[in-house]
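Structure file my_file-v4.cif with mmCIF, C-alpha atoms (C1' of nucleotides):
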data_query
loop_
_atom_site.label_atom_id
_atom_site.label_comp_id
_atom_site.auth_asym_id
_atom_site.auth_seq_id
_atom_site.Cartn_x
_atom_site.Cartn_y
_atom_site.Cartn_z
CA MET A 1 4.71 1.67 -28.14
CA ALA A 2 6.73 3.00 -25.26
CA LEU A 3 4.03 4.62 -23.23
CA PRO A 4 5.28 7.49 -21.14
CA SER A 5 7.48 6.06 -18.40
CA THR A 6 5.58 8.10 -15.84
CA TYR A 7 2.53 6.13 -16.77
CA ALA A 8 -0.70 7.09 -15.06
CA ASP A 9 -2.29 3.70 -14.58
CA ARG A 10 0.43 1.70 -12.84
CA ASN A 11 -2.23 -0.75 -11.76
CA CYS A 12 -2.78 -2.40 -15.07
CA SER A 13 -0.62 -5.28 -16.18
CA LEU A 14 -1.92 -4.78 -19.68
CA ALA A 15 -0.21 -1.39 -19.81
CA ARG A 16 2.94 -2.89 -18.31
CA SER A 17 3.01 -5.62 -20.93
CA LEU A 18 2.48 -3.15 -23.72
CA GLU A 19 5.50 -1.17 -22.56
CA ILE A 20 7.54 -4.25 -23.48
CA VAL A 21 5.81 -5.86 -26.44
CA GLY A 22 3.47 -3.07 -27.57
CA GLU A 23 5.89 -1.20 -29.78
CA ARG A 24 5.61 -1.53 -33.48
CA TRP A 25 7.35 -4.65 -34.90
CA THR A 26 8.11 -6.14 -31.49
CA LEU A 27 5.44 -8.83 -31.46
CA LEU A 28 6.22 -9.76 -35.05
CA ILE A 29 9.83 -10.30 -34.04
CA VAL A 30 8.64 -12.53 -31.18
CA ARG A 31 6.40 -14.44 -33.58
CA ASP A 32 9.34 -15.04 -35.90
CA ALA A 33 11.35 -16.27 -32.94
CA PHE A 34 8.61 -18.82 -32.18
CA PHE A 35 8.82 -19.92 -35.80
CA GLY A 36 12.54 -20.56 -35.51
CA VAL A 37 14.11 -17.36 -36.78
CA ARG A 38 17.29 -16.64 -34.81
CA ARG A 39 19.62 -14.52 -36.92
CA PHE A 40 19.61 -10.76 -37.45
CA GLY A 41 19.56 -11.00 -41.20
CA ASP A 42 16.69 -13.48 -41.23
CA PHE A 43 14.51 -11.22 -39.09
CA ALA A 44 15.37 -8.32 -41.38
CA THR A 45 14.50 -10.04 -44.65
CA GLN A 46 11.41 -11.82 -43.39
CA LEU A 47 9.87 -8.73 -41.80
CA GLY A 48 11.14 -6.02 -44.14
CA ILE A 49 11.93 -3.96 -41.06
CA PRO A 50 14.55 -1.18 -41.20
CA ARG A 51 17.77 -2.55 -39.78
CA ALA A 52 18.20 0.27 -37.30
CA VAL A 53 14.75 -0.41 -35.87
CA LEU A 54 15.49 -4.13 -35.71
CA THR A 55 18.69 -3.42 -33.78
CA SER A 56 16.77 -1.26 -31.33
CA ARG A 57 13.96 -3.80 -30.83
CA LEU A 58 16.29 -6.77 -30.37
CA LYS A 59 18.31 -4.84 -27.80
CA ALA A 60 15.15 -3.95 -25.91
CA LEU A 61 13.90 -7.54 -25.95
CA VAL A 62 17.27 -8.83 -24.69
CA ARG A 63 17.35 -6.14 -22.00
CA GLU A 64 13.87 -7.15 -20.85
CA GLY A 65 14.76 -10.82 -20.77
CA VAL A 66 12.44 -11.90 -23.56
CA LEU A 67 15.31 -12.94 -25.83
CA THR A 68 18.87 -14.04 -25.19
CA ARG A 69 21.75 -13.30 -27.51
CA GLU A 70 24.38 -16.05 -27.72
CA ASN A 71 27.10 -16.08 -30.40
CA GLY A 72 25.00 -14.24 -32.91
CA GLU A 73 21.74 -16.06 -32.29
CA TYR A 74 18.66 -14.60 -30.67
CA ARG A 75 16.45 -17.07 -28.82
CA LEU A 76 13.33 -16.85 -26.70
CA THR A 77 13.80 -17.21 -22.96
CA ASP A 78 11.17 -18.85 -20.76
CA LYS A 79 9.73 -15.38 -20.29
CA GLY A 80 9.58 -15.03 -24.05
CA VAL A 81 7.99 -18.44 -24.51
CA ALA A 82 5.37 -17.34 -21.96
CA LEU A 83 4.16 -14.88 -24.61
CA TRP A 84 2.75 -17.74 -26.68
CA PRO A 85 -0.81 -17.26 -25.36
CA VAL A 86 -0.63 -13.64 -26.48
CA VAL A 87 0.54 -14.58 -29.96
CA ARG A 88 -2.05 -17.36 -30.15
CA ALA A 89 -4.88 -15.06 -29.07
CA LEU A 90 -4.01 -12.41 -31.64
CA MET A 91 -3.64 -14.98 -34.41
CA GLY A 92 -6.96 -16.48 -33.42
CA TRP A 93 -8.73 -13.13 -33.55
CA GLY A 94 -7.24 -12.32 -36.94
CA ASP A 95 -8.20 -15.74 -38.27
CA ALA A 96 -11.74 -15.32 -37.00
CA PHE A 97 -12.41 -11.91 -38.52
CA TYR A 98 -9.98 -11.42 -41.40
CA SER A 99 -9.47 -14.86 -42.92
CA PRO A 100 -12.75 -15.99 -44.52
CA ASP A 101 -11.32 -19.30 -45.75
CA GLY A 102 -10.25 -20.40 -42.28
CA GLU A 103 -7.16 -20.17 -40.16
CA LYS A 104 -3.93 -19.32 -41.93
CA ARG A 105 -1.96 -21.65 -39.73
CA THR A 106 -3.00 -24.86 -38.04
CA THR A 107 -1.40 -25.96 -34.78
CA ARG A 108 -1.19 -29.60 -33.79
CA HIS A 109 0.23 -31.72 -31.01
CA ASP A 110 3.35 -33.08 -32.65
CA ALA A 111 3.17 -36.35 -30.70
CA ASP A 112 -0.32 -37.45 -31.76
CA GLY A 113 -1.30 -35.01 -34.51
CA GLY A 114 -4.34 -33.70 -32.58
CA ARG A 115 -5.61 -30.23 -33.45
CA LEU A 116 -5.20 -27.58 -30.76
CA ASP A 117 -8.19 -25.49 -29.67
CA ALA A 118 -8.16 -21.78 -28.80
CA ASP A 119 -6.64 -22.57 -25.41
CA GLY A 120 -3.88 -24.71 -26.88
CA ARG A 121 -5.45 -27.98 -25.74
CA CYS A 122 -5.01 -31.12 -27.85
CA ALA A 123 -8.20 -32.62 -29.27
CA GLU A 124 -6.70 -36.12 -29.09
CA CYS A 125 -5.14 -36.34 -25.65
CA GLY A 126 -6.64 -33.28 -23.93
CA VAL A 127 -3.47 -31.81 -22.49
CA VAL A 128 -2.27 -28.23 -22.92
CA VAL A 129 0.62 -28.84 -25.27
CA PRO A 130 3.97 -27.23 -24.29
CA VAL A 131 5.32 -24.84 -26.90
CA PRO A 132 8.23 -27.03 -28.12
CA GLU A 133 5.77 -29.85 -28.86
CA ILE A 134 3.48 -27.74 -31.01
CA ARG A 135 3.65 -28.35 -34.75
CA VAL A 136 2.59 -25.55 -37.08
CA GLU A 137 1.52 -26.03 -40.68
CA PRO A 138 -0.30 -23.97 -43.31
CA GLY A 139 -4.06 -23.96 -42.72
CA PRO A 140 -7.02 -23.66 -45.13
CA GLY A 141 -6.72 -19.86 -45.20
CA TYR A 142 -3.07 -19.93 -46.22
CA ARG A 143 -2.17 -18.27 -49.52
CA PRO A 144 1.34 -18.84 -50.86
CA PRO A 145 3.12 -15.56 -51.57
CA ALA A 146 4.28 -14.66 -55.06
CA ASN A 147 7.96 -14.14 -54.40
CA PRO A 148 8.76 -16.00 -51.22
CA ASP A 149 12.12 -15.48 -49.60
CA PRO A 150 13.86 -18.62 -48.27
CA VAL A 151 13.08 -17.71 -44.67
CA SER A 152 9.36 -17.45 -45.36
CA VAL A 153 9.43 -20.75 -47.21
CA ALA A 154 11.04 -22.43 -44.22
CA MET A 155 8.56 -20.78 -41.84
CA ASN A 156 5.59 -22.06 -43.84
CA THR A 157 6.85 -25.60 -44.00
CA PRO A 158 5.28 -27.84 -41.32
CA ARG A 159 7.60 -27.64 -38.34
CA ARG A 160 7.73 -27.56 -34.57
CA LEU A 161 7.86 -24.21 -32.81
CA LEU A 162 11.29 -22.94 -31.74
CA GLU A 163 13.09 -25.24 -34.18
CA PRO A 164 15.68 -23.19 -36.08
CA VAL A 165 14.91 -22.39 -39.70
CA VAL A 166 18.55 -22.59 -40.83
CA MET B 1 1.20 0.35 -35.27
CA ALA B 2 -0.18 0.72 -38.73
CA LEU B 3 2.18 -1.54 -40.56
CA PRO B 4 2.71 -0.55 -44.16
CA SER B 5 -0.52 -1.33 -46.01
CA THR B 6 1.49 -3.19 -48.63
CA TYR B 7 2.51 -5.62 -45.96
CA ALA B 8 4.83 -8.40 -46.98
CA ASP B 9 3.54 -11.31 -44.92
CA ARG B 10 -0.15 -11.38 -45.76
CA ASN B 11 -0.25 -14.92 -44.47
CA CYS B 12 -0.05 -14.11 -40.81
CA SER B 13 -3.18 -13.30 -38.87
CA LEU B 14 -0.99 -11.89 -36.14
CA ALA B 15 0.14 -9.14 -38.49
CA ARG B 16 -3.44 -8.59 -39.61
CA SER B 17 -4.62 -8.23 -36.03
CA LEU B 18 -1.82 -5.82 -35.20
CA GLU B 19 -2.89 -3.59 -38.07
CA ILE B 20 -6.11 -3.05 -36.11
CA VAL B 21 -5.19 -3.21 -32.44
CA GLY B 22 -1.40 -2.87 -32.58
CA GLU B 23 -1.23 0.91 -32.65
CA ARG B 24 -0.25 2.77 -29.57
CA TRP B 25 -3.14 3.34 -27.13
CA THR B 26 -5.59 1.17 -29.07
CA LEU B 27 -5.55 -1.85 -26.79
CA LEU B 28 -5.75 0.38 -23.71
CA ILE B 29 -8.89 1.95 -25.15
CA VAL B 30 -10.33 -1.51 -25.70
CA ARG B 31 -9.43 -2.47 -22.13
CA ASP B 32 -11.23 0.61 -20.82
CA ALA B 33 -14.24 -0.35 -22.90
CA PHE B 34 -14.26 -3.78 -21.23
CA PHE B 35 -14.16 -2.00 -17.89
CA GLY B 36 -17.24 0.04 -18.74
CA VAL B 37 -15.83 3.28 -20.09
CA ARG B 38 -18.06 4.58 -22.88
CA ARG B 39 -17.66 8.34 -23.17
CA PHE B 40 -14.98 10.34 -24.98
CA GLY B 41 -14.10 12.42 -21.96
CA ASP B 42 -13.77 9.39 -19.70
CA PHE B 43 -11.34 7.69 -22.06
CA ALA B 44 -9.37 10.91 -22.25
CA THR B 45 -9.04 11.48 -18.52
CA GLN B 46 -8.45 7.86 -17.58
CA LEU B 47 -5.75 7.27 -20.18
CA GLY B 48 -4.16 10.72 -20.35
CA ILE B 49 -4.13 10.35 -24.13
CA PRO B 50 -4.01 13.44 -26.37
CA ARG B 51 -7.53 14.16 -27.52
CA ALA B 52 -6.59 14.24 -31.19
CA VAL B 53 -5.08 10.77 -30.93
CA LEU B 54 -8.14 9.51 -29.07
CA THR B 55 -10.39 10.84 -31.83
CA SER B 56 -8.30 9.07 -34.42
CA ARG B 57 -8.22 5.75 -32.53
CA LEU B 58 -11.93 5.74 -31.79
CA LYS B 59 -12.73 6.43 -35.42
CA ALA B 60 -10.48 3.59 -36.52
CA LEU B 61 -12.04 1.17 -34.03
CA VAL B 62 -15.55 2.12 -35.17
CA ARG B 63 -14.53 1.79 -38.82
CA GLU B 64 -13.13 -1.68 -38.14
CA GLY B 65 -16.25 -2.76 -36.30
CA VAL B 66 -14.61 -3.18 -32.90
CA LEU B 67 -16.67 -0.38 -31.35
CA THR B 68 -20.04 1.13 -32.16
CA ARG B 69 -20.88 4.78 -31.63
CA GLU B 70 -24.47 5.41 -30.55
CA ASN B 71 -25.66 8.78 -29.24
CA GLY B 72 -22.29 9.71 -27.83
CA GLU B 73 -21.43 6.32 -26.35
CA TYR B 74 -18.76 3.96 -27.59
CA ARG B 75 -19.41 0.27 -26.95
CA LEU B 76 -17.69 -2.96 -27.84
CA THR B 77 -19.28 -5.01 -30.61
CA ASP B 78 -19.16 -8.80 -30.61
CA LYS B 79 -15.97 -8.50 -32.61
CA GLY B 80 -14.59 -6.22 -29.91
CA VAL B 81 -15.67 -8.56 -27.11
CA ALA B 82 -13.82 -11.32 -28.98
CA LEU B 83 -10.63 -9.46 -28.10
CA TRP B 84 -11.00 -10.47 -24.46
CA PRO B 85 -8.58 -13.44 -24.77
CA VAL B 86 -5.97 -11.02 -26.10
CA VAL B 87 -6.45 -8.61 -23.22
CA ARG B 88 -6.48 -11.49 -20.73
CA ALA B 89 -3.29 -13.00 -22.14
CA LEU B 90 -1.41 -9.70 -21.98
CA MET B 91 -2.63 -8.99 -18.45
CA GLY B 92 -1.61 -12.48 -17.42
CA TRP B 93 1.89 -12.08 -18.80
CA GLY B 94 2.32 -8.71 -17.12
CA ASP B 95 1.06 -10.10 -13.83
CA ALA B 96 3.43 -13.06 -14.08
CA PHE B 97 6.59 -11.07 -14.74
CA TYR B 98 6.02 -7.53 -13.48
CA SER B 99 3.77 -7.84 -10.45
CA PRO B 100 5.71 -9.62 -7.66
CA ASP B 101 2.83 -9.42 -5.17
CA GLY B 102 0.43 -11.23 -7.46
CA GLU B 103 -2.12 -10.30 -10.06
CA LYS B 104 -3.28 -6.71 -10.09
CA ARG B 105 -6.82 -7.73 -10.93
CA THR B 106 -8.71 -10.87 -10.05
CA THR B 107 -11.44 -12.21 -12.33
CA ARG B 108 -14.31 -14.28 -10.99
CA HIS B 109 -17.44 -15.93 -12.25
CA ASP B 110 -20.08 -13.48 -11.04
CA ALA B 111 -22.67 -16.23 -10.56
CA ASP B 112 -20.72 -18.44 -8.14
CA GLY B 113 -17.65 -16.38 -7.22
CA GLY B 114 -15.23 -18.96 -8.63
CA ARG B 115 -11.78 -17.72 -9.67
CA LEU B 116 -10.99 -17.85 -13.39
CA ASP B 117 -7.85 -19.55 -14.64
CA ALA B 118 -5.63 -18.38 -17.49
CA ASP B 119 -8.12 -19.73 -20.02
CA GLY B 120 -11.07 -17.95 -18.37
CA ARG B 121 -12.50 -21.14 -16.92
CA CYS B 122 -14.31 -21.02 -13.58
CA ALA B 123 -12.72 -23.01 -10.75
CA GLU B 124 -16.15 -23.68 -9.23
CA CYS B 125 -18.31 -24.75 -12.14
CA GLY B 126 -15.70 -25.41 -14.83
CA VAL B 127 -17.29 -23.47 -17.66
CA VAL B 128 -15.60 -20.81 -19.77
CA VAL B 129 -17.37 -17.74 -18.42
CA PRO B 130 -18.86 -15.36 -21.01
CA VAL B 131 -17.47 -11.84 -20.81
CA PRO B 132 -20.62 -10.14 -19.38
CA GLU B 133 -20.63 -12.62 -16.48
CA ILE B 134 -17.03 -11.94 -15.47
CA ARG B 135 -16.55 -9.90 -12.32
CA VAL B 136 -13.29 -7.98 -11.91
CA GLU B 137 -11.90 -6.79 -8.58
CA PRO B 138 -8.54 -5.55 -7.30
CA GLY B 139 -6.10 -8.41 -6.73
CA PRO B 140 -3.22 -8.86 -4.28
CA GLY B 141 -0.85 -6.88 -6.51
CA TYR B 142 -3.14 -3.88 -6.69
CA ARG B 143 -1.73 -0.57 -5.41
CA PRO B 144 -4.19 2.31 -5.02
CA PRO B 145 -3.01 5.40 -6.88
CA ALA B 146 -2.25 8.64 -5.08
CA ASN B 147 -4.66 10.97 -6.87
CA PRO B 148 -7.27 8.78 -8.48
CA ASP B 149 -9.70 10.31 -10.92
CA PRO B 150 -13.36 9.30 -10.55
CA VAL B 151 -13.21 7.06 -13.60
CA SER B 152 -10.27 5.09 -12.22
CA VAL B 153 -12.03 4.73 -8.89
CA ALA B 154 -15.08 3.30 -10.61
CA MET B 155 -12.91 0.98 -12.72
CA ASN B 156 -11.18 -0.42 -9.64
CA THR B 157 -14.38 -1.08 -7.76
CA PRO B 158 -15.53 -4.71 -8.07
CA ARG B 159 -17.81 -4.82 -11.09
CA ARG B 160 -18.87 -6.91 -14.03
CA LEU B 161 -17.19 -6.36 -17.38
CA LEU B 162 -19.01 -4.11 -19.86
CA GLU B 163 -21.15 -2.50 -17.14
CA PRO B 164 -21.03 1.27 -17.61
CA VAL B 165 -18.97 3.24 -15.12
CA VAL B 166 -21.29 6.29 -15.04
"C1'" DG C 1 48.75 -11.22 -49.27
"C1'" DG C 2 44.85 -9.52 -51.64
"C1'" DT C 3 40.15 -10.02 -53.34
"C1'" DT C 4 35.54 -11.06 -52.66
"C1'" DG C 5 31.45 -11.79 -50.13
"C1'" DT C 6 28.51 -11.92 -46.11
"C1'" DC C 7 26.74 -10.53 -41.86
"C1'" DA C 8 25.58 -7.19 -38.27
"C1'" DG C 9 25.05 -2.95 -37.23
"C1'" DT C 10 25.49 2.51 -37.73
"C1'" DT C 11 24.70 6.99 -39.88
"C1'" DC C 12 21.91 10.27 -42.02
"C1'" DA C 13 18.29 13.09 -44.34
"C1'" DT C 14 13.48 12.78 -44.89
"C1'" DT C 15 9.00 11.78 -43.53
"C1'" DC C 16 5.59 10.82 -40.34
"C1'" DA C 17 3.14 10.33 -35.95
"C1'" DC C 18 2.62 11.91 -31.34
"C1'" DC C 19 2.26 15.57 -28.13
"C1'" DG C 20 0.13 19.39 -25.45
"C1'" DA C 21 -2.31 23.50 -25.50
"C1'" DA C 22 -5.50 26.37 -27.42
"C1'" DC C 23 -9.51 26.86 -30.11
"C1'" DT C 24 -14.29 25.74 -32.13
"C1'" DA C 25 -18.99 23.75 -32.34
"C1'" DC C 26 -23.01 22.71 -30.08
"C1'" DG C 27 -26.53 21.54 -26.92
"C1'" DG C 28 -28.62 22.36 -22.32
"C1'" DC C 29 -30.28 25.70 -19.12
"C1'" DA C 30 -31.26 29.61 -16.26
"C1'" DT D 1 -28.68 36.32 -23.91
"C1'" DG D 2 -24.82 34.42 -21.39
"C1'" DC D 3 -22.62 30.52 -19.20
"C1'" DC D 4 -21.05 25.74 -18.86
"C1'" DG D 5 -19.86 21.05 -20.19
"C1'" DT D 6 -18.90 17.71 -23.80
"C1'" DA D 7 -16.75 16.46 -27.99
"C1'" DG D 8 -14.09 17.16 -30.84
"C1'" DT D 9 -10.39 20.08 -34.32
"C1'" DT D 10 -6.29 22.84 -35.28
"C1'" DC D 11 -1.56 23.81 -34.92
"C1'" DG D 12 3.42 24.38 -33.93
"C1'" DG D 13 7.13 21.64 -31.82
"C1'" DT D 14 9.41 17.28 -31.09
"C1'" DG D 15 10.77 12.72 -31.36
"C1'" DA D 16 10.59 8.28 -33.75
"C1'" DA D 17 10.34 5.47 -38.04
"C1'" DT D 18 11.97 4.97 -42.67
"C1'" DG D 19 15.04 3.56 -46.43
"C1'" DA D 20 19.35 3.97 -48.47
"C1'" DA D 21 24.10 4.22 -48.03
"C1'" DC D 22 28.05 3.27 -45.29
"C1'" DT D 23 31.40 0.80 -41.85
"C1'" DG D 24 33.78 -2.87 -39.73
"C1'" DA D 25 34.54 -7.67 -38.57
"C1'" DC D 26 35.16 -12.12 -40.26
"C1'" DA D 27 35.83 -16.10 -43.48
"C1'" DA D 28 36.73 -18.32 -47.93
"C1'" DC D 29 39.23 -18.54 -51.86
"C1'" DC D 30 43.03 -17.82 -55.19
#

As structure tokens, what does this structure read like?
Amino acid sequence: MALPSTYADRNCSLARSLEIVGERWTLLIVRDAFFGVRRFGDFATQLGIPRAVLTSRLKALVREGVLTRENGEYRLTDKGVALWPVVRALMGWGDAFYSPDGEKRTTRHDADGGRLDADGRCAECGVVVPVPEIRVEPGPGYRPPANPDPVSVAMNTPRRLLEPVV
Amino acid sequence: MALPSTYADRNCSLARSLEIVGERWTLLIVRDAFFGVRRFGDFATQLGIPRAVLTSRLKALVREGVLTRENGEYRLTDKGVALWPVVRALMGWGDAFYSPDGEKRTTRHDADGGRLDADGRCAECGVVVPVPEIRVEPGPGYRPPANPDPVSVAMNTPRRLLEPVV
DNA sequence: GGTTGTCAGTTCATTCACCGAACTACGGCA
DNA sequence: TGCCGTAGTTCGGTGAATGAACTGACAACC
């Protein structure tokens, strides 16, 4: 998004956040990182994003401390992992209003298999499950794509968040 | 944002949500609506957004059922109010990483004055407070602007969400 | 050593969206 | 009738996104 740097309303953290993650593609890159995508080429093929734009976005995310870049792999930092409630809230809203057959992805507590509610709390044990212990799997609203690329296939296989797709 | 309409990953509600609220300015307009802004001119002055862009965004939000337009006033629908967790999550992340003196806005349960946690739950009575019963007031990280416009002044006065600024 | 392939990123011409300022439409109202 | 405020629209200039082609580094293989 890149609101004007001399932004009028400096008193809103929403505006501040959007300066970082509000630009086009950025939050989708972060989502892919949660789902285990780490390599430049995998982001590019999964998102269909122009490579120049991907380069620019990854640089910005590394500069802002949302991702780290270590020997060719991009990974979420703690600051990046802290974006999970944002991703969860947006996925929840989309599921609620644009997915008539139910959520497209189900999240569970990997340890006991309990479903997670809108706040990320496990229905079995009641704790707010940390991101690395969340398992994601296709939900009732999921529709398999016609020509899936290998990265998408891996992403839609039941898996824990942050685990590499390799 | 307006991702290409022939979007590759139709299986992600995050992408679907971003098609609606991911464009530049859109979420700031929604935030203003939560804070009681209802009139075209008030959105324009408070956000400093080009009027043509504001027209386009408001039309899109009405078309998508996030806002209604009734005799010159734009208001959040239930679908729009359902975006509150998204706004709250983004404000929380910005507060956590870009506001060293603490949150810029504090949310309370208007009935008993209890602080709300990250999930919107009242520290006093423990319930998840419905949006119209949430009171917002400047927090410890708030910095009064130099030349505040009347709309900003009204928005930064303690008030309940959705109450008109007039 | 040379060929082939892959991966990560750059370059470039085109298209598109945003920007700011000026302009229009329209309803009060005196 | 003239003036003012609100809510938009129009328009030329500018910057960013797009997609395709290109570069350069590196490794495997023969």

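Comparing B:Val128, B:Ile134, B:Ala111, B:Ala52 by their smallest distance to chain A, the closest is B:Val128 (using all atoms listed in the file).
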
Pull out every residue that the PyMOL selection byres ((chain B and resi 69-80) around 10) matches in the shown coordinates and put them as a PyMOL selection string. (chain A and resi 93+96-97) or (chain B and resi 30+33-34+36-40+43+58-59+61-62+64-68+81-84+162+164) or (chain D and resi 6-7)

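The interatomic distance for the pair atom CA of Thr45 of chain A and atom CA of Tyr98 of chain A works out to 24.7 Å.
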
Which neighbours of Glu103 of chain B fall inside 9 Å, counting all atoms listed in the file, when residues of the same chain fewer than 6 positions from it are skipped, and could you give them as a PyMOL selection string? (chain A and resi 13) or (chain B and resi 91-92+94-96+138-142)

Determine the residue set returned by the PyMOL selection byres ((chain C and resi 11-21) around 7) for the present structure, and present it as an MDAnalysis selection string. (chainID B and resid 50) or (chainID C and resid 10 22)

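Between atom CA of Asp112 of chain A and atom CA of Glu124 of chain A there is a distance of 7.0 Å.
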
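Relative to atom CA of Asp117 of chain B, atom CA of Gly113 of chain A is found at 26.0 Å.
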
Return as an MDAnalysis selection string the set of residues that the PyMOL selection byres ((chain D) within 12 of (chain B)) yields on the displayed structure. chainID D and resid 5:11 17:18

Shell of 12 Å around DC3 of chain D, only C-alpha atoms (C1' of nucleotides), local chain residues under 6 positions omitted, as a PDB file with C-alpha atoms (C1' of nucleotides), in the frame of the given file:
ATOM      1  C1'  DG C  28     -28.620  22.360 -22.320  1.00  0.00           C
ATOM      2  C1'  DC C  29     -30.280  25.700 -19.120  1.00  0.00           C
ATOM      3  C1'  DA C  30     -31.260  29.610 -16.260  1.00  0.00           C
TER       4       DA C  30
END

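Minimum atom-to-atom distance to chain A, evaluated using all atoms listed in the file, belongs to B:Asp119 out of B:Glu133, B:Asp119, B:Glu19, B:Asp110.
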
Every residue with an atom at most 12 Å from (44.9, -12.5, -53.2) (file coordinates; only C-alpha atoms (C1' of nucleotides)) is what I'm after, so could you write them as an NGL selection string? (:C and (1-4)) or (:D and (28-30))

Those residues with C-alpha atoms (C1' of nucleotides), as a short mmCIF file (atom, residue, chain, number, x, y, z; two decimals), keeping the file's coordinate frame please?
data_model
loop_
_atom_site.label_atom_id
_atom_site.label_comp_id
_atom_site.auth_asym_id
_atom_site.auth_seq_id
_atom_site.Cartn_x
_atom_site.Cartn_y
_atom_site.Cartn_z
"C1'" DG C 1 48.75 -11.22 -49.27
"C1'" DG C 2 44.85 -9.52 -51.64
"C1'" DT C 3 40.15 -10.02 -53.34
"C1'" DT C 4 35.54 -11.06 -52.66
"C1'" DA D 28 36.73 -18.32 -47.93
"C1'" DC D 29 39.23 -18.54 -51.86
"C1'" DC D 30 43.03 -17.82 -55.19
#

Starting from 8 Å padding per side, set up an axis-aligned box that covers all listed atoms of segment 7-14 of chain C and hand over centre and edge lengths in Å, one decimal, as JSON.
{"center_x": 20.1, "center_y": 1.3, "center_z": -41.1, "size_x": 29.3, "size_y": 39.6, "size_z": 23.7}

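Distances from B:His109, B:Ile49, B:Val87, B:Asp32 to chain A were compared using only C-alpha atoms, and the smallest one belongs to B:Val87.
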
Restricted to N, CA and C atoms, what does segment 77-93 of chain B look like when written out as a tab-separated table (two decimals), in the first residue's frame?
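So the final result, stored in decode-v1.tsv, reads:
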chain	number	residue	atom	x	y	z
B	77	THR	N	-22.54	-2.38	7.67
B	77	THR	CA	-23.52	-3.45	7.80
B	77	THR	C	-23.02	-4.47	8.82
B	78	ASP	N	-23.80	-5.52	9.06
B	78	ASP	CA	-23.31	-6.59	9.93
B	78	ASP	C	-22.05	-7.21	9.37
B	79	LYS	N	-22.03	-7.36	8.06
B	79	LYS	CA	-20.83	-7.90	7.40
B	79	LYS	C	-19.63	-6.98	7.63
B	80	GLY	N	-19.87	-5.67	7.60
B	80	GLY	CA	-18.80	-4.72	7.88
B	80	GLY	C	-18.36	-4.78	9.34
B	81	VAL	N	-19.32	-4.87	10.25
B	81	VAL	CA	-18.98	-4.96	11.68
B	81	VAL	C	-18.17	-6.22	11.95
B	82	ALA	N	-18.41	-7.26	11.15
B	82	ALA	CA	-17.67	-8.52	11.32
B	82	ALA	C	-16.19	-8.36	10.99
B	83	LEU	N	-15.83	-7.21	10.43
B	83	LEU	CA	-14.41	-6.96	10.16
B	83	LEU	C	-13.66	-6.47	11.39
B	84	TRP	N	-14.37	-6.25	12.49
B	84	TRP	CA	-13.70	-5.72	13.68
B	84	TRP	C	-12.50	-6.56	14.12
B	85	PRO	N	-12.59	-7.90	14.14
B	85	PRO	CA	-11.39	-8.67	14.53
B	85	PRO	C	-10.19	-8.40	13.63
B	86	VAL	N	-10.43	-8.12	12.36
B	86	VAL	CA	-9.33	-7.80	11.46
B	86	VAL	C	-8.69	-6.47	11.86
B	87	VAL	N	-9.54	-5.46	12.07
B	87	VAL	CA	-9.03	-4.15	12.47
B	87	VAL	C	-8.30	-4.26	13.81
B	88	ARG	N	-8.89	-5.00	14.75
B	88	ARG	CA	-8.28	-5.14	16.07
B	88	ARG	C	-6.93	-5.84	15.98
B	89	ALA	N	-6.84	-6.89	15.15
B	89	ALA	CA	-5.58	-7.62	15.03
B	89	ALA	C	-4.49	-6.73	14.44
B	90	LEU	N	-4.83	-5.96	13.42
B	90	LEU	CA	-3.83	-5.08	12.82
B	90	LEU	C	-3.41	-3.97	13.77
B	91	MET	N	-4.37	-3.41	14.50
B	91	MET	CA	-4.01	-2.38	15.48
B	91	MET	C	-3.13	-2.97	16.57
B	92	GLY	N	-3.44	-4.18	16.99
B	92	GLY	CA	-2.65	-4.83	18.02
B	92	GLY	C	-1.21	-5.07	17.58
B	93	TRP	N	-1.05	-5.49	16.35
B	93	TRP	CA	0.30	-5.75	15.84
B	93	TRP	C	1.09	-4.44	15.73
